[in-house]
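A.B. asks: Structure below; questions to follow.
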Amino acid sequence: MSRRLRTSATALVAATALGVGIAGPAAAAPDPQHSNAPLSATQVVAAMQPGWNLGNTFDALGADETAWGNPRVTPELFESLADNGFHSVRIPVTWGQFQGPAPDYTIDPAELDRVEEVVDEALDAGLYVLLDVHHDSWMWVNQMPTQHDQVVAQLTAAWQQVAERFRDHPRQLLLESLNEPQFAGISDDAAYPLLDELNVDFTRTVRATGGENADRVLVLPMLHTDSGQARLDSLAQTIGSLHDANVAATFHYYGYWPFSVNIAGGYRYDATAQADTEGAFARVHDTLVARGIPVILGEYGLLGFDRSTGTIERGEKLKFFEHLGALARSTGVTTMLWDNGQHLDRTSFQWHDPELFAAISSSWTTRSGTGSTDQVFVRPGAVTDQQVQLDRHGKQVTGVWLAGRRLHDDEYRLDGDVLTLSASFLAGLVTDGAYGSHAWVGVRFNQGLPWRVEVVAADAPTLQAASGTTADFAIPTAFRGDRLATMEARYADGSGAGPNSWTTYKEFDATFLPDAAAGEIVLRPAFFAEIADGAQVRLTFHFWSGETVDYLVTKSGATVTGTPA
């Protein structure tokens, strides 16, 4: 039996076992072995959990799918995804670049052929497929306020051709009207009717092509694919007006913005960031899922990952994904991880960060215990007890381990949810006096993943005077085992200096970047681009140990000088 033929049975059974997306008595799953009844839209969406995005591929702007650096897609990629527990793949496509002129807006047949080939490969691997119109949203669809008829004609022509090409494909293929819709130069209130028009036109266009499209599950976004209440309400109204049982909704979530990019002091997944995540899922559930409208989280991740997955500290990002997965399960939302190449290596099919993927995949089925931190810093020669506040998420601690050895009672203690690693235990780990990582302590729970805490030997970092240019300025830094969390920049009057001057805390990597291997902190050209000429700026570097170090920089034309404060 091919993987494609197994899809409706195995994926649905797995989704049902996870308790994902089944909302209300009408959504009860049929026995796939003894029923020929088609799955409802809610059951289809449930069977898609979990999903993955083929990002920066067919959505890339350029000659072909390799234009943004990813390799040509192969059937082995989809087999690997299925083997890793995924049940669906979203295939973003930027169609406009392959469309001819008005009035036909004909899509290049070679591009349609290639997209169909890849869709079939994913289906043959047993995956559901969600196919969309992607970067067209900001390339030309956003001009609808001033070019209404042209935009409607081009988008309708695109979907007419795509729908006809896929009209006989099985129900495991879903179509999404438009990625992150947006409209230039108008307010949200003025944009809602335009998006409503496009979503309705899309639905009618696809349905009119007949075949499997007559009842294929169609996926509609809200404005910007954002979970703000007004945007959810507008989409709910559109879906209600369609009276179509085979429609689902989609939104995207990349976290609380200051945390997602590490700016404005948001370098921890703290109560504010957690509340933002909880609010998004609560609004989606109450506005859509609770009304019987199935929902797909079409993209999720952290925006800082576009630069590096190291933009967000390891433990903080693990807590984010653990929490998001739990909320998706409890609210019945199907999730599709955004991956533009930074997560799964598309040649070796290995995960670049196996621990991150383990946290993501574990969150599909259960909660895992976490902690207030995943790193404790000890001063060689002056070691003290170190504490970690655990968040058990209903789990029980079964032991604390080091390199396969269970720790003894004199090495740690657990008082309620407070884990204390004793000074004597920690001192024994850093006897060589060397700075840096010395050990990993694992707190194990009766379910889910262990919470790993790194033991790091560190002293207060020191910075040295430097000179350079706005294009290349680095502060010589003896990190001495410590790690940089964030940087503040202030003028003499205390106001914020540099980009995003509404906050003194600058964006990690975009404006500054620590390089422990090179022994320096690099200040990016983007930082100096918004520094007043001749002004002195006080930088405050916040390290994960709790240490802070001040430094002064002065920009004079293209020349920069710096000195410890």
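Labeling convention for the structure tokens: chains A, B, ... as they appear, residues from 1 per chain, ligands from 1 in order of appearance.
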Which residues of region 475-538 of chain A have any atom within 10 Å of an atom in region 446-468 of chain A when counting only C-alpha atoms, and what is the closest pair of atoms for each, with the distance in Å to one decimal? Order the rows by chain and rising number and write it as CSV.

C.D. replies:
residue,atom,partner,partner_atom,distance
A:Ile475,CA,A:Ala466,CA,6.0
A:Pro476,CA,A:Gln464,CA,5.4
A:Thr477,CA,A:Leu463,CA,4.6
A:Ala478,CA,A:Thr462,CA,5.2
A:Phe479,CA,A:Pro461,CA,4.6
A:Arg480,CA,A:Ala458,CA,5.5
A:Gly481,CA,A:Ala458,CA,4.3
A:Asp482,CA,A:Ala458,CA,5.3
A:Arg483,CA,A:Pro461,CA,8.9
A:Leu484,CA,A:Pro461,CA,9.6
A:Gly519,CA,A:Leu463,CA,9.7
A:Glu520,CA,A:Leu463,CA,8.5
A:Ile521,CA,A:Leu463,CA,9.1

A.B. asks: Need to verify the contact set: region 164-177 of chain A, 7 Å, only C-alpha atoms, exclusion of same-chain residues closer than 4 positions in sequence. Can you return it as a list in words?

C.D. replies: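 The residues satisfying every condition are Tyr128, Val129, Leu130, Leu131, Asp132, Val133, Gln160, Asn199, Phe202, Thr209, Gly210, Gly211, Glu212, Asn213, Arg216, Val217, Leu218, Val219 and Leu220 of chain A.
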
A.B. asks: Please list as an MDAnalysis selection string every residue within 10 Å of region 326-330 of chain A, counting only C-alpha atoms and excluding residues in the same chain fewer than 5 positions away.

C.D. replies: chainID A and resid 18:21 49 277:278 280:282 285 296:297 321 335 362:368 393

A.B. asks: Would you mind exporting the chosen residues as a PDB file, in the first residue's frame, restricted to C-alpha atoms?

C.D. replies:
ATOM      1  CA  LEU A  18      -3.568  13.138  20.169  1.00  0.00           C
ATOM      2  CA  GLY A  19      -6.903  14.815  20.784  1.00  0.00           C
ATOM      3  CA  VAL A  20      -6.115  17.409  18.139  1.00  0.00           C
ATOM      4  CA  GLY A  21      -8.730  19.477  16.359  1.00  0.00           C
ATOM      5  CA  GLN A  49      -1.441  17.582  12.702  1.00  0.00           C
ATOM      6  CA  THR A 277       0.959  33.345  23.258  1.00  0.00           C
ATOM      7  CA  GLU A 278      -1.950  32.340  25.476  1.00  0.00           C
ATOM      8  CA  ALA A 280      -3.513  34.419  20.606  1.00  0.00           C
ATOM      9  CA  PHE A 281      -4.684  30.838  21.026  1.00  0.00           C
ATOM     10  CA  ALA A 282      -7.576  31.808  23.302  1.00  0.00           C
ATOM     11  CA  HIS A 285     -10.325  29.147  19.861  1.00  0.00           C
ATOM     12  CA  ILE A 296      -4.544  25.728  10.912  1.00  0.00           C
ATOM     13  CA  LEU A 297      -1.571  27.572  12.381  1.00  0.00           C
ATOM     14  CA  PHE A 321       7.904  25.826  21.684  1.00  0.00           C
ATOM     15  CA  THR A 335       0.323  23.446  13.623  1.00  0.00           C
ATOM     16  CA  SER A 362       7.392  16.141  22.083  1.00  0.00           C
ATOM     17  CA  SER A 363       4.944  19.037  22.377  1.00  0.00           C
ATOM     18  CA  TRP A 364       2.675  17.301  19.848  1.00  0.00           C
ATOM     19  CA  THR A 365       1.739  14.695  22.443  1.00  0.00           C
ATOM     20  CA  THR A 366       2.573  15.847  25.981  1.00  0.00           C
ATOM     21  CA  ARG A 367       3.874  18.621  28.179  1.00  0.00           C
ATOM     22  CA  SER A 368       7.452  18.633  29.445  1.00  0.00           C
ATOM     23  CA  HIS A 393       3.435  21.378  34.083  1.00  0.00           C
TER      24      HIS A 393
END

A.B. asks: Excluding Asp215 (chain A) and its own-chain neighbours fewer than 6 positions away, which residues fall within 10 Å of it when counting only C-alpha atoms? Please give them as a PyMOL selection string.

C.D. replies: chain A and resi 38+40-41+171+206-207+244-247

A.B. asks: Distance CA of Val388 (chain A)-CA of Tyr269 (chain A), one decimal place?

C.D. replies: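 Those two atoms sit 15.1 Å apart.
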
A.B. asks: Using DSSP secondary structure from the backbone, list all helix (DSSP H, G or I) positions within region 18-185 of chain A, as a tab-separated table (two decimals) with N, CA and C atoms, in the first residue's frame.

C.D. replies:
chain	number	residue	atom	x	y	z
A	18	LEU	N	-4.16	11.98	19.52
A	18	LEU	CA	-3.57	13.14	20.17
A	18	LEU	C	-4.61	14.09	20.71
A	25	PRO	N	-19.57	16.98	18.85
A	25	PRO	CA	-20.06	15.68	18.42
A	25	PRO	C	-20.07	15.50	16.91
A	26	ALA	N	-20.34	16.59	16.17
A	26	ALA	CA	-20.43	16.45	14.71
A	26	ALA	C	-19.10	16.09	14.09
A	27	ALA	N	-17.99	16.31	14.85
A	27	ALA	CA	-16.67	16.06	14.29
A	27	ALA	C	-16.13	14.69	14.62
A	41	ALA	N	-14.40	18.71	7.23
A	41	ALA	CA	-13.29	19.67	7.21
A	41	ALA	C	-12.53	19.62	8.53
A	42	THR	N	-13.26	19.50	9.64
A	42	THR	CA	-12.60	19.44	10.95
A	42	THR	C	-11.74	18.19	11.05
A	43	GLN	N	-12.22	17.07	10.54
A	43	GLN	CA	-11.44	15.84	10.59
A	43	GLN	C	-10.22	15.90	9.67
A	44	VAL	N	-10.37	16.53	8.51
A	44	VAL	CA	-9.23	16.69	7.61
A	44	VAL	C	-8.14	17.51	8.30
A	45	VAL	N	-8.54	18.63	8.88
A	45	VAL	CA	-7.56	19.50	9.54
A	45	VAL	C	-6.92	18.79	10.72
A	46	ALA	N	-7.69	18.02	11.47
A	46	ALA	CA	-7.13	17.25	12.58
A	46	ALA	C	-6.12	16.23	12.10
A	47	ALA	N	-6.41	15.59	10.97
A	47	ALA	CA	-5.50	14.58	10.43
A	47	ALA	C	-4.20	15.18	9.94
A	75	PRO	N	11.65	13.45	-3.64
A	75	PRO	CA	10.70	12.63	-2.88
A	75	PRO	C	11.23	12.22	-1.51
A	76	GLU	N	12.56	12.08	-1.40
A	76	GLU	CA	13.15	11.66	-0.13
A	76	GLU	C	12.90	12.68	0.98
A	77	LEU	N	12.77	13.96	0.63
A	77	LEU	CA	12.46	14.97	1.63
A	77	LEU	C	11.13	14.66	2.29
A	78	PHE	N	10.12	14.36	1.51
A	78	PHE	CA	8.79	14.09	2.08
A	78	PHE	C	8.76	12.76	2.84
A	79	GLU	N	9.51	11.79	2.35
A	79	GLU	CA	9.61	10.54	3.10
A	79	GLU	C	10.23	10.79	4.46
A	80	SER	N	11.26	11.64	4.50
A	80	SER	CA	11.91	11.98	5.76
A	80	SER	C	10.94	12.68	6.71
A	81	LEU	N	10.15	13.60	6.18
A	81	LEU	CA	9.16	14.30	7.02
A	81	LEU	C	8.17	13.31	7.61
A	82	ALA	N	7.67	12.41	6.78
A	82	ALA	CA	6.72	11.41	7.27
A	82	ALA	C	7.37	10.53	8.34
A	83	ASP	N	8.62	10.17	8.13
A	83	ASP	CA	9.32	9.34	9.10
A	83	ASP	C	9.55	10.08	10.41
A	96	GLY	N	2.67	34.86	-9.25
A	96	GLY	CA	2.64	36.02	-10.13
A	96	GLY	C	3.85	36.15	-11.02
A	97	GLN	N	5.02	35.75	-10.50
A	97	GLN	CA	6.24	35.87	-11.29
A	97	GLN	C	6.24	34.95	-12.51
A	98	PHE	N	5.32	33.97	-12.51
A	98	PHE	CA	5.24	33.04	-13.63
A	98	PHE	C	3.98	33.25	-14.46
A	109	PRO	N	3.28	26.87	-18.02
A	109	PRO	CA	2.94	25.45	-17.82
A	109	PRO	C	4.05	24.65	-17.15
A	110	ALA	N	5.30	25.03	-17.40
A	110	ALA	CA	6.41	24.30	-16.78
A	110	ALA	C	6.40	24.46	-15.26
A	111	GLU	N	6.01	25.65	-14.78
A	111	GLU	CA	5.94	25.86	-13.33
A	111	GLU	C	4.78	25.07	-12.74
A	112	LEU	N	3.64	25.08	-13.42
A	112	LEU	CA	2.51	24.28	-12.95
A	112	LEU	C	2.88	22.79	-12.92
A	113	ASP	N	3.59	22.34	-13.93
A	113	ASP	CA	4.00	20.94	-13.97
A	113	ASP	C	4.89	20.60	-12.79
A	114	ARG	N	5.85	21.48	-12.50
A	114	ARG	CA	6.79	21.20	-11.41
A	114	ARG	C	6.09	21.23	-10.06
A	115	VAL	N	5.22	22.19	-9.85
A	115	VAL	CA	4.48	22.24	-8.58
A	115	VAL	C	3.63	20.99	-8.43
A	116	GLU	N	2.96	20.58	-9.52
A	116	GLU	CA	2.14	19.37	-9.44
A	116	GLU	C	3.00	18.15	-9.14
A	117	GLU	N	4.16	18.08	-9.74
A	117	GLU	CA	5.06	16.96	-9.48
A	117	GLU	C	5.41	16.86	-7.99
A	118	VAL	N	5.72	18.00	-7.39
A	118	VAL	CA	6.11	18.01	-5.98
A	118	VAL	C	4.91	17.75	-5.08
A	119	VAL	N	3.75	18.30	-5.42
A	119	VAL	CA	2.53	17.98	-4.67
A	119	VAL	C	2.30	16.48	-4.67
A	120	ASP	N	2.43	15.85	-5.83
A	120	ASP	CA	2.22	14.40	-5.92
A	120	ASP	C	3.24	13.63	-5.11
A	121	GLU	N	4.47	14.10	-5.07
A	121	GLU	CA	5.50	13.43	-4.27
A	121	GLU	C	5.15	13.49	-2.78
A	122	ALA	N	4.63	14.63	-2.34
A	122	ALA	CA	4.24	14.76	-0.94
A	122	ALA	C	3.04	13.86	-0.63
A	123	LEU	N	2.07	13.84	-1.52
A	123	LEU	CA	0.91	12.97	-1.32
A	123	LEU	C	1.32	11.50	-1.30
A	124	ASP	N	2.24	11.14	-2.18
A	124	ASP	CA	2.70	9.75	-2.22
A	124	ASP	C	3.45	9.35	-0.95
A	136	ASP	N	2.95	36.88	-3.56
A	136	ASP	CA	2.09	37.75	-4.38
A	136	ASP	C	1.35	38.75	-3.50
A	137	SER	N	1.12	38.39	-2.24
A	137	SER	CA	0.33	39.25	-1.35
A	137	SER	C	0.94	40.63	-1.21
A	138	TRP	N	2.28	40.71	-1.11
A	138	TRP	CA	2.92	42.03	-0.97
A	138	TRP	C	3.54	42.53	-2.26
A	139	MET	N	3.61	41.67	-3.29
A	139	MET	CA	4.21	42.09	-4.55
A	139	MET	C	3.23	42.82	-5.45
A	141	VAL	N	-0.81	42.00	-5.00
A	141	VAL	CA	-2.17	41.97	-4.46
A	141	VAL	C	-2.41	43.16	-3.53
A	142	ASN	N	-1.36	43.61	-2.85
A	142	ASN	CA	-1.52	44.74	-1.91
A	142	ASN	C	-1.89	46.05	-2.61
A	143	GLN	N	-1.82	46.09	-3.94
A	143	GLN	CA	-2.19	47.30	-4.68
A	143	GLN	C	-3.68	47.34	-5.00
A	148	HIS	N	-7.94	47.85	-8.26
A	148	HIS	CA	-8.90	46.83	-7.85
A	148	HIS	C	-9.16	45.80	-8.95
A	149	ASP	N	-9.59	46.24	-10.10
A	149	ASP	CA	-10.01	45.31	-11.14
A	149	ASP	C	-8.85	44.44	-11.64
A	150	GLN	N	-7.67	45.04	-11.76
A	150	GLN	CA	-6.51	44.30	-12.24
A	150	GLN	C	-6.12	43.20	-11.25
A	151	VAL	N	-6.09	43.56	-9.95
A	151	VAL	CA	-5.70	42.58	-8.93
A	151	VAL	C	-6.71	41.43	-8.88
A	152	VAL	N	-7.98	41.76	-8.87
A	152	VAL	CA	-9.01	40.72	-8.82
A	152	VAL	C	-8.90	39.81	-10.04
A	153	ALA	N	-8.69	40.39	-11.21
A	153	ALA	CA	-8.60	39.59	-12.43
A	153	ALA	C	-7.39	38.67	-12.39
A	154	GLN	N	-6.25	39.19	-11.96
A	154	GLN	CA	-5.03	38.38	-11.95
A	154	GLN	C	-5.12	37.25	-10.92
A	155	LEU	N	-5.62	37.57	-9.71
A	155	LEU	CA	-5.71	36.53	-8.68
A	155	LEU	C	-6.75	35.47	-9.05
A	156	THR	N	-7.86	35.92	-9.62
A	156	THR	CA	-8.88	34.97	-10.05
A	156	THR	C	-8.33	34.07	-11.15
A	157	ALA	N	-7.58	34.65	-12.09
A	157	ALA	CA	-7.00	33.85	-13.17
A	157	ALA	C	-6.01	32.83	-12.62
A	158	ALA	N	-5.22	33.24	-11.64
A	158	ALA	CA	-4.26	32.31	-11.04
A	158	ALA	C	-4.98	31.13	-10.41
A	159	TRP	N	-6.00	31.42	-9.61
A	159	TRP	CA	-6.70	30.32	-8.94
A	159	TRP	C	-7.53	29.48	-9.92
A	160	GLN	N	-8.03	30.09	-10.98
A	160	GLN	CA	-8.76	29.32	-11.99
A	160	GLN	C	-7.85	28.24	-12.58
A	161	GLN	N	-6.61	28.64	-12.91
A	161	GLN	CA	-5.68	27.70	-13.52
A	161	GLN	C	-5.18	26.65	-12.53
A	162	VAL	N	-4.86	27.09	-11.31
A	162	VAL	CA	-4.36	26.14	-10.30
A	162	VAL	C	-5.46	25.15	-9.94
A	163	ALA	N	-6.67	25.66	-9.75
A	163	ALA	CA	-7.78	24.77	-9.38
A	163	ALA	C	-8.08	23.76	-10.48
A	164	GLU	N	-8.05	24.20	-11.72
A	164	GLU	CA	-8.30	23.26	-12.82
A	164	GLU	C	-7.21	22.20	-12.89
A	165	ARG	N	-5.95	22.61	-12.64
A	165	ARG	CA	-4.86	21.64	-12.67
A	165	ARG	C	-5.03	20.57	-11.59

A.B. asks: Among region 119-335 of chain A, which residues carry a DSSP assignment of strand (DSSP E or B), reported as a list in words?

C.D. replies: Tyr128, Val129, Leu130, Leu131, Asp132, Leu173, Leu174, Leu175, Glu176, Leu218, Val219, Leu220, Pro221, Val247, Ala248, Ala249, Thr250, Phe251, His252, Tyr253, Val295, Ile296, Leu297, Gly298, Glu299, Tyr300, Val333, Thr334 and Thr335 of chain A

A.B. asks: Mind dumping the selected residues with C-alpha atoms as a PDB file, in the first residue's frame?

C.D. replies:
ATOM      1  CA  TYR A 128      -1.631  16.091   3.414  1.00  0.00           C
ATOM      2  CA  VAL A 129      -0.692  19.126   1.320  1.00  0.00           C
ATOM      3  CA  LEU A 130      -1.690  22.778   1.737  1.00  0.00           C
ATOM      4  CA  LEU A 131      -0.993  24.809  -1.423  1.00  0.00           C
ATOM      5  CA  ASP A 132      -1.166  28.606  -1.381  1.00  0.00           C
ATOM      6  CA  LEU A 173      -4.846  18.385  -0.957  1.00  0.00           C
ATOM      7  CA  LEU A 174      -6.090  21.682   0.498  1.00  0.00           C
ATOM      8  CA  LEU A 175      -5.911  25.132  -1.094  1.00  0.00           C
ATOM      9  CA  GLU A 176      -5.192  28.410   0.764  1.00  0.00           C
ATOM     10  CA  LEU A 218     -10.401  25.543   1.330  1.00  0.00           C
ATOM     11  CA  VAL A 219      -8.363  27.611   3.791  1.00  0.00           C
ATOM     12  CA  LEU A 220      -8.967  31.318   4.363  1.00  0.00           C
ATOM     13  CA  PRO A 221      -6.728  33.810   6.185  1.00  0.00           C
ATOM     14  CA  VAL A 247     -13.845  25.841   4.796  1.00  0.00           C
ATOM     15  CA  ALA A 248     -11.073  26.227   7.379  1.00  0.00           C
ATOM     16  CA  ALA A 249      -9.250  29.266   8.757  1.00  0.00           C
ATOM     17  CA  THR A 250      -5.537  29.947   9.114  1.00  0.00           C
ATOM     18  CA  PHE A 251      -3.384  32.288  11.187  1.00  0.00           C
ATOM     19  CA  HIS A 252       0.345  32.694  11.801  1.00  0.00           C
ATOM     20  CA  TYR A 253       2.158  33.153  15.110  1.00  0.00           C
ATOM     21  CA  VAL A 295      -8.044  26.256  12.270  1.00  0.00           C
ATOM     22  CA  ILE A 296      -4.544  25.728  10.912  1.00  0.00           C
ATOM     23  CA  LEU A 297      -1.571  27.572  12.381  1.00  0.00           C
ATOM     24  CA  GLY A 298      -0.059  27.854   8.921  1.00  0.00           C
ATOM     25  CA  GLU A 299       3.284  29.216  10.120  1.00  0.00           C
ATOM     26  CA  TYR A 300       4.927  29.405  13.516  1.00  0.00           C
ATOM     27  CA  VAL A 333      -5.338  23.954  16.397  1.00  0.00           C
ATOM     28  CA  THR A 334      -3.250  22.134  13.790  1.00  0.00           C
ATOM     29  CA  THR A 335       0.323  23.446  13.623  1.00  0.00           C
TER      30      THR A 335
END

A.B. asks: Find the residues around Asn56 (chain A) up to 9 Å (only C-alpha atoms counted), leave out those fewer than 6 positions away in its own chain, and share them as an mmCIF file with N, CA and C atoms, in the first residue's frame.

C.D. replies:
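Result file follows (part23.cif):
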data_model
loop_
_atom_site.group_PDB
_atom_site.id
_atom_site.type_symbol
_atom_site.label_atom_id
_atom_site.label_comp_id
_atom_site.auth_asym_id
_atom_site.auth_seq_id
_atom_site.Cartn_x
_atom_site.Cartn_y
_atom_site.Cartn_z
ATOM 1 N N GLU A 65 13.069 26.995 -7.983
ATOM 2 C CA GLU A 65 12.915 26.712 -6.550
ATOM 3 C C GLU A 65 14.221 26.796 -5.768
ATOM 4 N N THR A 66 15.364 26.886 -6.445
ATOM 5 C CA THR A 66 16.657 26.966 -5.763
ATOM 6 C C THR A 66 17.140 28.409 -5.589
ATOM 7 N N ALA A 67 16.333 29.395 -6.011
ATOM 8 C CA ALA A 67 16.790 30.778 -6.076
ATOM 9 C C ALA A 67 17.198 31.341 -4.718
ATOM 10 N N TRP A 68 16.616 30.852 -3.631
ATOM 11 C CA TRP A 68 16.952 31.361 -2.305
ATOM 12 C C TRP A 68 17.821 30.391 -1.517
ATOM 13 N N GLY A 69 18.536 29.522 -2.231
ATOM 14 C CA GLY A 69 19.573 28.732 -1.597
ATOM 15 C C GLY A 69 19.213 27.334 -1.163
ATOM 16 N N ASN A 70 17.965 26.947 -1.314
ATOM 17 C CA ASN A 70 17.589 25.581 -0.962
ATOM 18 C C ASN A 70 17.742 24.663 -2.170
ATOM 19 N N PRO A 92 4.254 26.749 -0.076
ATOM 20 C CA PRO A 92 4.018 28.124 -0.522
ATOM 21 C C PRO A 92 4.524 28.314 -1.951
ATOM 22 N N ASP A 339 9.782 26.536 8.105
ATOM 23 C CA ASP A 339 11.165 26.109 7.930
ATOM 24 C C ASP A 339 11.631 26.584 6.567
ATOM 25 N N ASN A 340 12.495 27.609 6.561
ATOM 26 C CA ASN A 340 13.017 28.103 5.288
ATOM 27 C C ASN A 340 14.376 27.495 4.964
ATOM 28 N N GLY A 341 14.705 26.433 5.710
ATOM 29 C CA GLY A 341 15.995 25.773 5.543
ATOM 30 C C GLY A 341 16.826 25.798 6.804
#

A.B. asks: When you draw a straight line from CA of Glu197 (chain A) to CA of Leu235 (chain A), how long is it in Å?

C.D. replies: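 Going from CA of Glu197 (chain A) over to CA of Leu235 (chain A), I get 11.2 Å.
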
A.B. asks: Tell me, in Å to one decimal, how far CA of Met487 (chain A) is from CA of His438 (chain A).

C.D. replies: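 Separation between CA of Met487 (chain A) and CA of His438 (chain A): 26.1 Å.
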
A.B. asks: Can you tell me which residues surround Gly301 (chain A) at a distance of at most 7 Å, considering only C-alpha atoms, apart from same-chain residues fewer than 5 positions away, and format the answer as a tab-separated table (two decimals) with C-alpha atoms, in the first residue's frame?

C.D. replies:
chain	number	residue	atom	x	y	z
A	254	TYR	CA	5.79	34.11	15.69
A	337	LEU	CA	6.28	24.70	11.50
A	338	TRP	CA	7.87	27.39	9.32

A.B. asks: Name the closest residue to Gly433 (chain A) among the candidates A:Gly381, A:Gly557, A:Gly325, A:Gly404; distances are taken between atoms, counting only C-alpha atoms.

C.D. replies: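 Ranked by minimum distance to Gly433 (chain A), first place goes to A:Gly381.
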
A.B. asks: Please provide as JSON, numbers by chain all residues within 7 Å of Phe508 (chain A), with the sequence filter that same-chain residues fewer than 4 positions apart are discarded (counting only C-alpha atoms).

C.D. replies: {"A": [262, 263, 311, 486, 512, 513]}

A.B. asks: Output C-alpha atoms of each residue in that selection to a file, as an mmCIF file, in the first residue's frame.

C.D. replies:
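Written out: selection.cif:
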data_model
loop_
_atom_site.group_PDB
_atom_site.id
_atom_site.type_symbol
_atom_site.label_atom_id
_atom_site.label_comp_id
_atom_site.auth_asym_id
_atom_site.auth_seq_id
_atom_site.Cartn_x
_atom_site.Cartn_y
_atom_site.Cartn_z
ATOM 1 C CA ASN A 262 15.298 39.700 21.123
ATOM 2 C CA ILE A 263 14.709 43.449 21.436
ATOM 3 C CA THR A 311 19.341 34.835 18.424
ATOM 4 C CA THR A 486 21.350 41.920 25.420
ATOM 5 C CA PHE A 512 25.204 43.894 17.856
ATOM 6 C CA LEU A 513 26.555 40.370 17.988
#

A.B. asks: Ranking A:Thr203, A:Ser260, A:Thr563, A:Thr146 by minimum distance to Leu242 (chain A) and counting only C-alpha atoms, which one comes first?

C.D. replies: A:Thr203
